[in-house]
Protein chains: 2
Amino acid sequence: MQQLLIIKIGGNVIDQPEALKVFLDDFAPIPGKKILIHGGGKIATDISRTLGIEVQMIDGRRITDAETLKVVTMVYGGLINKTIVSGLQVRGCNAIGLTGADANVMAAKKRVDKNIDYGFVGDIEQVNGGPIMQFLNVGLTPIFAPLTHDGKGVMLNTNADTIAAALASALCKHYETRLIYCFDKKGVLASTDDDSVIPQLNQRQYQDLKAKGVVIKGMLPKLDNAFATLQAGVHTVTLCHAAQIQRAVKGNLAVGTTLVL
Amino acid sequence: MQQLLIIKIGGNVIDQPEALKVFLDDFAPIPGKKILIHGGGKIATDISRTLGIEVQMIDGRRITDAETLKVVTMVYGGLINKTIVSGLQVRGCNAIGLTGADANVMAAKKRVDKNIDYGFVGDIEQVNGGPIMQFLNVGLTPIFAPLTHDGKGVMLNTNADTIAAALASALCKHYETRLIYCFDKKGVLASTDDDSVIPQLNQRQYQDLKAKGVVIKGMLPKLDNAFATLQAGVHTVTLCHAAQIQRAVKGNLAVGTTLVL
């Protein structure tokens with residue numbers, strides 16, 4: 001089975017031009033088949049504010065009304081995605097930018113929640129692995145913006161962690177798939193100390209940490225997602241800081257937190 | 001030789017949601033291999049103004065400073081491109097949005113002009129037909145935004161007419177290529193009367209009209225470009241109104257202006 005590496009970077013990398021440059025330097029030369037998923041970052045918020053569009057966040061999630069959808073489509077699908085694609089091209093990596101609408105690679109359903117109207121937010125329904133594999137087979141590196149479509153002509157704002165998990169779960173039937181989440185910590189932490197990285201975490205230990213309140217907030221959906229991909233057949237899932245990506249890719253188990261079933 | 005249809009739509013279609021819908025209804029069901037190139041429209045100007053970025057136009061050409069480059073990358077590569085791609089998906093056309101940076105399909109050089117500093121504006125240097133043909137061969141319809149890259153990590157604002165001409169000239173070696181420019185007139189006009197369409201125009205007649213001042217301004221680069229593609233081997237070039245696209249595609253010579261060598 002061929003190997004596939006799926007890496008997700010968050011807004012903290014995108015918001016810092018220097019950190020993004022370092023990451024692209026590290027990502028571009030990684031050999032073999034690979035996919036990058038990028039988050040949104042603060043640029044969408046800044047541009048929304050300048051355009052006079054009210055920014056509404058509930059539990060860290062952006063409420064995406066019609067005007068905000070335009071902004072995220074512009075910023076995620078245009079500015080950030082093409083900055084990364086052109087930045088990888090100059091580094092010798094033949095990148096191609098994608099949203100879920102492009103080649104219909106990922107279809108989603110507008111979220112229905114009886115308590116909160118999230119607006120144009122999508123929950124992924126289908127990953128079409130065919131075109132993605134065709135791109136990988138001709139040496140292209142897909143770069144996913146956190147956007148899908150509903151198949152009815154509407155783009156949808158979609159969580160980048162979830163896109164990474166959905167891609168990994170769909171493609172692990174065809175490749176030995178490794179999923180790496182880069183975020184602003186060195187891994188899953190055992191305490192408030194930034195160096196208290198848990199090197200390995202299985203599902204039982206995770207449930208313990210959850211019950212004890214050690215793992216909280218934004219980490220919960222990330223880890224729930226990640227464990228689900230392992231159950232779907234993903235080979236390994238690692239959580240680490242973007243600056244550690246080269247060592248994580250080489251399979252250095254001293255880097256970040258590696259999840260096991 | 002297989003047939004390929006390359007269609008360019010201008011800002012006048014993009015600026016009117018109803019006209020765009022009609023165009024997408026007409027474009028989506030066209031059988032066979034096809035490519036769409038879209039212009040920019042007024043949205044970039046509106047958004048620039050709202051963001052407080054000065055809009056500078058010289059002879060109808062946008063001066064693209066660093067801030068304006070961000071806006072056109074967002075608006076052309078994100079908002080407009082993905083609106084068209086998702087709009088075609090719902091109509092059963094498997095579209096994929098591209099800029100010149102994606103899969104490195106089109107590389108350009110930043111324009112150097114001793115009189116005017118156009119800023120981040122690109123003159124096309126190379127079309128890489130390989131990936132475009134791979135997309136066409138798996139049933140995808142490439143949708144080009146008017147953006148290229150310089151291969152050094154910088155996106156460049158690039159005229160959509162020129163992109164259409166460069167694509168047609170490069171791909172006509174592999175396909176019997178028809179190029180259709182949709183614009184806000186019914187064709188090349190013999191007078192100020194909107195119905196004075198010249199059904200057929202050869203290069204000698206064009207030089208006459210140019211000398212007499214009948215063809216002026218924005219039409220000159222469009223027609224110069226178009227005649228150059230015929231010389232490169234493009235099968236036919238037609239100029240017509242977007243609303244006439246279905247009849248033009250069927251080869252109705254009563255529609256628009258058809259250019260011949």
# chains A, B, ... in the order shown; residues from 1 in each chain; ligands from 1

call {"tool": "interface_residues", "arguments": {"of": "chain B", "to": "chain A", "cutoff": "7 Å", "atoms": "only C-alpha atoms", "output": "list in words"}}
result
Thr50, Leu51, Lys70, Thr73, Met74, Val75, Gly77, Gly78, Leu79, Val85, Ser86, Gly87, Gln89, Val90, Asn94, Ala95, Ile96, Gly97, Ala101, Asp102, Ala103, Asn104, Leu140, His149, Gly151, Lys152, Gly153, Val154 and Met155 of chain B

call {"tool": "select_by_dssp", "arguments": {"residues": "region 15-260 of chain A", "states": "helix (DSSP H, G or I)", "output": "ChimeraX atom specification"}}
result
/A:17-27,43-50,66-89,102-104,129-137,160-171,203-212,219-232,242-249

call {"tool": "select_by_dssp", "arguments": {"residues": "region 58-207 of chain B", "states": "strand (DSSP E or B)", "output": "PyMOL selection string"}}
result
chain B and resi 58+61-62+64+95-98+106-110+119+121-127+141-144+147-149+155-157+176-183+189+197+200-202

call {"tool": "atom_distance", "arguments": {"atom1": "CA of Gln3 (chain B)", "atom2": "CA of Ala166 (chain B)"}}
result
17.0 Å

call {"tool": "residues_around", "arguments": {"residues": "Val112 (chain B)", "least_positions_apart": "4", "cutoff": "10 Å", "atoms": "only C-alpha atoms", "output": "count of residues only"}}
result
8

call {"tool": "atom_distance", "arguments": {"atom1": "CA of Glu67 (chain A)", "atom2": "CA of Asp113 (chain A)"}}
result
20.1 Å

call {"tool": "closest_atom_pairs", "arguments": {"of": "region 146-227 of chain B", "to": "region 32-41 of chain B", "cutoff": "8 Å", "atoms": "only C-alpha atoms", "output": "CSV"}}
result
residue,atom,partner,partner_atom,distance
B:Pro146,CA,B:Gly39,CA,6.0
B:Asn159,CA,B:Gly39,CA,7.5
B:Ala160,CA,B:Gly39,CA,5.3
B:Asp161,CA,B:Gly39,CA,8.0
B:Ile163,CA,B:Ile37,CA,7.5
B:Ala164,CA,B:Ile37,CA,6.3

call {"tool": "closest_residue", "arguments": {"among": "B:Cys182, B:Leu201, B:Ile245, B:Leu167", "to": "Val13 (chain B)", "atoms": "only C-alpha atoms"}}
result
B:Cys182

call {"tool": "residues_around", "arguments": {"residues": "Gln231 (chain B)", "least_positions_apart": "4", "cutoff": "10 Å", "atoms": "only C-alpha atoms", "output": "JSON, numbers by chain"}}
result
{"B": [169, 226, 227, 235, 260, 261]}

call {"tool": "write_last_selection", "arguments": {"atoms": "C-alpha atoms", "output": "PDB file, in the first residue's frame"}}
result
ATOM      1  CA  SER B 169      -3.001  28.997 -28.642  1.00  0.00           C
ATOM      2  CA  ALA B 226      -7.872  36.901 -31.226  1.00  0.00           C
ATOM      3  CA  PHE B 227      -6.198  37.115 -34.646  1.00  0.00           C
ATOM      4  CA  HIS B 235      -9.944  26.765 -35.532  1.00  0.00           C
ATOM      5  CA  VAL B 260     -11.019  34.437 -40.186  1.00  0.00           C
ATOM      6  CA  LEU B 261      -7.410  34.867 -41.245  1.00  0.00           C
TER       7      LEU B 261
END

call {"tool": "residues_around", "arguments": {"residues": "Ala243 (chain A)", "least_positions_apart": "6", "cutoff": "12 Å", "atoms": "only C-alpha atoms", "output": "JSON, numbers by chain"}}
result
{"A": [9, 12, 13, 18, 19, 20, 21, 22, 23, 24, 25, 26, 27, 181, 182, 183, 184, 185, 186, 187, 249, 255, 256]}

call {"tool": "atom_distance", "arguments": {"atom1": "CA of Asp15 (chain B)", "atom2": "CA of Arg247 (chain B)"}}
result
22.7 Å
